[in-house]
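Single-structure report; data block below.
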Amino acid sequence: MKEAEERYKSGQNHVPDFIGVEPSKKRKRRTSFTPQALELLNGHFERNTHPSGTEITGLAHQLGYEREVIRIWFCNKRQALKNTVRMMSKSFKMENT
């Protein structure tokens with residue numbers, strides 16, 4: 001706490017100063033998937049929600065996206081599915097109360 005107070009007094013009170021991240025570092029632009037890419041990704045997801053690293057790399061090459069973008073797409077899709085199941089479960093419980 002003492003260190004934080006000292007930083008505040010000396011004018012170093014920006015969050016990046018505390019965590020050591022350069023403020024000029026910009027995030028990557030959000031990826032836009034083509035309808036064809038989404039069709040292929042969704043089809044693959046229906047068959048396998050947890051593809052191997054090799055499968056992800058293959059999909060990335062096939063579609064022309066970075067491997068990390070495809071990996072994150074699967075993570076986000078799994079999370080969305082999990083949230084949907086939770087919401088449906090919640091509404092089912094409310095209807096039967």
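Here, A, B, ... name the chains of the structure tokens in the order displayed, residue numbers run from 1 inside each chain, and ligands are numbered from 1 in the same displayed order.
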Next on the checklist: So that I can check the surroundings of Ala60 in chain A, please list as a VMD selection string every protein, DNA and RNA residue that reaches within 12 Å of it, counting only C-alpha atoms and ignoring chain neighbours fewer than 3 positions away.
Outcome noted: chain A and resid 33 37 40 to 41 53 to 57 63 to 74
Item to check | Closest of A:Ser52, A:Ser91, A:Ser24, A:Gln62 to Gln36 in chain A - atom-to-atom distances counting only C-alpha atoms | outcome: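 That would be A:Gln62, the residue with the smallest distance to Gln36 in chain A.
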